[in-house]
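my_file-v5.txt follows; it contains compact mmCIF, C-alpha atoms.
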# COMPACT_ATOMS: atom_id res chain seq x y z
CA MET A 1 -11.78 -21.63 1.88
CA ARG A 2 -9.21 -20.68 -0.70
CA PHE A 3 -7.69 -17.27 -1.22
CA ALA A 4 -8.54 -15.16 -4.22
CA GLY A 5 -6.45 -15.72 -7.34
CA GLY A 6 -3.73 -13.22 -6.53
CA MET A 7 -3.67 -14.05 -2.84
CA ARG A 8 -2.93 -17.74 -3.36
CA ARG A 9 0.49 -16.79 -4.64
CA GLY A 10 1.27 -14.60 -1.66
CA VAL A 11 0.36 -11.14 -0.50
CA VAL A 12 -0.85 -9.21 -3.50
CA ALA A 13 -0.68 -5.79 -1.92
CA THR A 14 2.93 -6.14 -0.83
CA GLY A 15 4.05 -8.82 -3.25
CA VAL A 16 5.86 -10.76 -0.53
CA ALA A 17 5.84 -14.53 -0.92
CA THR A 18 3.62 -16.32 1.58
CA GLY A 19 6.58 -18.02 3.24
CA VAL A 20 8.20 -14.70 4.11
CA LEU A 21 5.25 -12.55 5.05
CA ALA A 22 5.99 -9.73 7.49
CA VAL A 23 9.72 -9.91 6.77
CA GLY A 24 11.89 -6.98 5.78
CA LEU A 25 9.86 -3.82 5.79
CA THR A 26 12.05 -0.81 6.55
CA ALA A 27 14.99 0.80 4.87
CA LEU A 28 16.26 4.36 4.58
CA ALA A 29 18.64 5.10 1.74
CA THR A 30 19.84 7.83 -0.59
CA GLN A 31 20.45 7.45 -4.29
CA GLY A 32 20.31 9.23 -7.62
CA ALA A 33 21.42 12.57 -8.92
CA ASP A 34 18.97 14.53 -6.78
CA ALA A 35 20.04 13.03 -3.46
CA GLY A 36 22.57 15.76 -2.76
CA THR A 37 20.03 18.54 -3.30
CA THR A 38 17.54 17.50 -0.64
CA SER A 39 17.01 19.70 2.39
CA ALA A 40 17.99 18.82 5.94
CA THR A 41 14.47 17.55 6.75
CA ALA A 42 14.87 13.78 7.13
CA LEU A 43 12.36 10.98 7.10
CA SER A 44 11.69 9.31 10.42
CA ARG A 45 9.65 6.33 11.52
CA SER A 46 7.43 8.65 13.53
CA GLN A 47 5.99 9.73 10.16
CA MET A 48 4.58 6.25 9.54
CA LEU A 49 1.46 4.52 10.84
CA THR A 50 1.76 2.09 13.74
CA VAL A 51 0.08 -1.29 14.03
CA GLY A 52 -2.00 0.17 16.86
CA GLU A 53 -3.40 2.81 14.51
CA VAL A 54 -4.09 0.21 11.85
CA LYS A 55 -5.91 -1.92 14.43
CA LYS A 56 -8.09 1.01 15.51
CA ALA A 57 -9.06 1.68 11.92
CA ASP A 58 -9.83 -1.99 11.22
CA ALA A 59 -10.37 -3.82 14.52
CA ARG A 60 -12.24 -6.73 12.93
CA ALA A 61 -9.02 -7.97 11.31
CA ALA A 62 -7.17 -8.11 14.66
CA TRP A 63 -3.93 -6.55 13.42
CA VAL A 64 -1.13 -7.57 15.77
CA ARG A 65 2.24 -7.41 14.03
CA GLN A 66 4.47 -4.54 12.94
CA VAL A 67 7.77 -5.17 11.17
CA ASP A 68 10.58 -2.62 10.94
CA ARG A 69 13.68 -4.35 9.75
CA GLY A 70 15.41 -5.65 6.64
CA ILE A 71 14.89 -4.56 3.07
CA LEU A 72 11.93 -3.11 1.21
CA PRO A 73 9.59 -5.84 0.00
CA ARG A 74 8.72 -6.38 -3.62
CA THR A 75 5.39 -4.82 -4.45
CA TYR A 76 2.26 -5.92 -6.24
CA CYS A 77 2.90 -3.83 -9.36
CA GLY A 78 6.67 -3.62 -8.91
CA PRO A 79 8.68 -0.75 -7.39
CA ALA A 80 6.93 1.76 -9.68
CA SER A 81 3.75 1.23 -7.64
CA THR A 82 5.34 2.72 -4.52
CA GLU A 83 7.89 5.28 -5.67
CA GLY A 84 9.03 7.39 -8.59
CA LYS A 85 12.42 8.10 -10.09
CA ARG A 86 15.48 9.60 -8.38
CA VAL A 87 14.40 8.86 -4.83
CA ALA A 88 16.42 10.76 -2.24
CA ALA A 89 15.26 8.71 0.77
CA ARG A 90 12.81 5.92 1.48
CA MET A 91 11.40 3.84 4.32
CA ALA A 92 8.64 1.28 4.79
CA ARG A 93 6.76 -0.57 7.50
CA GLY A 94 4.68 -3.73 7.35
CA PHE A 95 1.59 -4.91 9.26
CA SER A 96 -0.21 -8.24 9.58
CA ASN A 97 -2.63 -10.21 11.72
CA ASP A 98 -0.49 -13.34 11.18
CA MET A 99 -3.38 -14.92 9.30
CA ASP A 100 -5.02 -13.38 6.26
CA SER A 101 -4.53 -9.61 6.48
CA TYR A 102 -1.36 -7.83 5.40
CA GLY A 103 -0.35 -4.30 4.63
CA ALA A 104 2.55 -1.93 4.24
CA GLN A 105 3.28 1.77 4.14
CA TYR A 106 5.99 3.12 1.85
CA VAL A 107 7.28 6.67 2.16
CA SER A 108 9.65 8.16 -0.41
CA GLN A 109 11.30 11.58 -0.47
CA TYR A 110 12.47 13.61 -3.47
CA ALA A 111 14.71 16.60 -4.10
CA ASN A 112 11.82 19.00 -4.56
CA ALA A 113 8.04 19.24 -4.79
CA ALA A 114 8.05 18.97 -8.59
CA SER A 115 9.90 15.64 -8.46
CA ALA A 116 7.53 14.39 -5.78
CA ARG A 117 4.48 15.33 -7.87
CA ALA A 118 5.97 13.52 -10.87
CA ALA A 119 6.49 10.46 -8.66
CA TYR A 120 2.92 10.68 -7.37
CA ASN A 121 1.53 10.86 -10.89
CA SER A 122 3.64 7.93 -12.07
CA ILE A 123 2.56 5.78 -9.09
CA ILE A 124 -1.11 6.49 -9.79
CA ALA A 125 -0.62 5.66 -13.48
CA THR A 126 1.13 2.40 -12.58
CA LEU A 127 -1.64 1.33 -10.22
CA LYS A 128 -4.35 2.03 -12.77
CA SER A 129 -2.62 0.11 -15.56
CA CYS A 130 -0.83 -2.66 -13.66
CA THR A 131 -0.70 -6.07 -15.32
CA TYR A 132 2.24 -7.30 -13.25
CA SER A 133 0.15 -9.86 -11.41
CA LYS A 134 -3.10 -11.36 -12.65
CA PRO A 135 -5.76 -13.32 -10.77
CA ALA A 136 -5.97 -17.08 -11.16
CA PRO A 137 -8.12 -18.41 -14.03
CA THR A 138 -10.91 -19.00 -11.51
CA HIS A 139 -11.07 -15.32 -10.59
CA ALA A 140 -11.76 -11.95 -12.17
CA ARG A 141 -10.55 -8.50 -11.09
CA LYS A 142 -12.00 -5.04 -11.16
CA ILE A 143 -11.17 -1.61 -9.77
CA THR A 144 -13.96 -0.68 -7.39
CA GLU A 145 -12.56 2.64 -6.15
CA ASN A 146 -10.64 5.44 -7.83
CA ARG A 147 -11.21 8.67 -5.94
CA VAL A 148 -9.70 11.50 -3.95
CA VAL A 149 -10.02 11.26 -0.15
CA LYS A 150 -11.65 14.42 1.20
CA GLY A 151 -10.22 16.00 4.29
CA ALA A 152 -6.81 14.36 4.02
CA SER A 153 -3.83 16.47 5.01
CA GLY A 154 -1.38 17.17 2.21
CA ASP A 155 -1.53 18.22 -1.41
CA LEU A 156 -3.53 15.20 -2.59
CA THR A 157 -4.58 11.73 -1.43
CA GLN A 158 -6.13 9.20 -3.79
CA VAL A 159 -7.54 5.73 -3.12
CA ILE A 160 -7.52 2.94 -5.70
CA ARG A 161 -8.99 -0.44 -4.76
CA TRP A 162 -8.86 -3.77 -6.55
CA TYR A 163 -11.32 -6.55 -5.87
CA ASP A 164 -10.66 -10.14 -6.97
CA TYR A 165 -13.78 -12.30 -6.99
CA PRO A 166 -14.42 -15.94 -7.93
CA LYS A 167 -15.99 -16.74 -11.26
CA PRO A 168 -19.10 -18.95 -11.37
CA ASN A 169 -16.94 -21.97 -12.21
CA ASP A 170 -15.20 -21.78 -8.81
CA PRO A 171 -17.72 -20.42 -6.27
CA GLY A 172 -15.85 -21.89 -3.28
CA SER A 173 -12.82 -19.62 -3.69
CA GLU A 174 -12.36 -16.63 -1.43
CA ALA A 175 -12.49 -13.11 -2.81
CA GLY A 176 -9.78 -10.58 -2.00
CA GLY A 177 -9.70 -6.82 -1.42
CA PHE A 178 -6.60 -4.74 -2.18
CA PRO A 179 -6.87 -1.02 -1.37
CA TYR A 180 -4.09 1.50 -2.02
CA ALA A 181 -3.89 5.09 -0.76
CA VAL A 182 -1.34 7.42 -2.34
CA THR A 183 -0.56 10.78 -0.72
CA LEU A 184 1.50 13.67 -2.06
CA LYS A 185 2.75 16.14 0.54
CA GLY A 186 5.43 18.60 -0.38
CA ARG A 187 8.36 16.52 -1.57
CA ASN A 188 7.20 13.31 0.10
CA VAL A 189 4.93 10.54 -1.17
CA SER A 190 3.23 7.91 0.99
CA VAL A 191 1.67 4.70 -0.33
CA LEU A 192 -0.55 2.42 1.77
CA ALA A 193 -0.94 -1.04 0.22
CA PHE A 194 -3.25 -3.55 1.93
CA SER A 195 -4.42 -7.08 1.19
CA GLU A 196 -7.20 -9.03 2.92
CA MET A 197 -9.48 -11.97 2.25
CA GLY A 198 -13.00 -10.99 1.29
CA PRO A 199 -13.78 -7.37 0.38
CA GLY A 200 -11.00 -6.08 2.62
CA MET A 201 -10.95 -3.07 4.92
CA PRO A 202 -14.22 -1.08 4.55
CA ALA A 203 -13.87 2.17 2.62
CA PRO A 204 -14.62 4.48 5.61
CA ASN A 205 -12.01 2.67 7.71
CA PHE A 206 -9.40 2.84 4.97
CA ASP A 207 -10.15 6.52 4.42
CA LYS A 208 -9.55 7.14 8.12
CA LEU A 209 -6.22 5.35 7.86
CA ALA A 210 -5.29 7.34 4.75
CA ARG A 211 -6.02 10.60 6.57
CA GLN A 212 -3.90 9.54 9.54
CA ALA A 213 -1.01 8.59 7.27
CA ALA A 214 -1.25 11.88 5.39
CA ALA A 215 -1.29 13.90 8.62
CA LYS A 216 1.94 12.29 9.81
CA ILE A 217 4.02 12.95 6.72
CA SER A 218 6.29 15.96 6.81
CA ARG A 219 6.97 18.27 3.90

For the file at hand, write its structure as structure tokens.
Amino acid sequence: MRFAGGMRRGVVATGVATGVLAVGLTALATQGADAGTTSATALSRSQMLTVGEVKKADARAAWVRQVDRGILPRTYCGPASTEGKRVAARMARGFSNDMDSYGAQYVSQYANAASARAAYNSIIATLKSCTYSKPAPTHARKITENRVVKGASGDLTQVIRWYDYPKPNDPGSEAGGFPYAVTLKGRNVSVLAFSEMGPGMPAPNFDKLARQAAAKISR
């Protein structure tokens, strides 16, 4: 079987080339004019999902690897798909099953709630309009989910899911599912970006993961 159009070139959800999957997925940094105005509340890795939690939400994919070192990976729709402007602090963590399932969580912090909401809105807009990466000519793409996750902790959590599927002229190619979950909580924003062969993580499972991620994020 072949991967879906976007997946043949690497991990669509994280944008990491296939040869360097699961490499370089955490960094904490300060930058921009607003960095000096942030409060003393710092980001910590305890605010991110673990591979064990991902595995419980999606056991069929046999998630086994968690990566917490190096630099932030490039993303499917570019940096604007995971953070806004004037980020005060950021961190990320990657997950994989060392085969065909990959994911990452990105958490960014801003000087105040207004800046975080602006970042959240810009991330959502980027995800809805992204043309950064297109499926191969043998595949087509559609957004199959665009909704708010009920019961998620925080100010707002929204799921957007892409689905790449083979056209009739290439029925042997594998489809690909790429769900994102974006959470706004106070002055922090979390983005879950996953990529799997086939339809990907089922919606109820991904919702559960989104709720867990939202519950962990501080304000």

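Closest approach to Ala61 (chain A) among A:Ser101, A:Ser195, A:Ser115, A:Ser153 is made by A:Ser101 (distances from only C-alpha atoms).
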
Just checking: using only C-alpha atoms, which residue out of A:Asp155, A:Asp58, A:Glu196, A:Asp207 ends up closest to Gly103 (chain A)?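 Counting only C-alpha atoms, the residue closest to Gly103 (chain A) is A:Glu196.
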
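Within 10 Å of Gln158 (chain A), once all atoms listed in the file are used and residues closer than 5 positions along the same chain are dropped, the contacting residues are Tyr120, Ile124, Glu145, Asn146, Arg147, Val148, Val149, Lys150, Ala152, Tyr180, Ala181, Val182, Thr183, Leu184, Val191, Asp207 and Ala210 of chain A.
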
Ranking A:Ala42, A:Asn188, A:Ala214, A:Phe206 by minimum distance to Lys56 (chain A) and counting only C-alpha atoms, which one comes first? A:Phe206

With 12 Å as the threshold, what does the neighbourhood of (-1.1, 8.1, 10.4) contain in terms of residues, counting only C-alpha atoms? Coordinates are those of the file; answer as a ChimeraX atom specification. /A:45-57,105,107,152-153,181,183,190-192,206-218
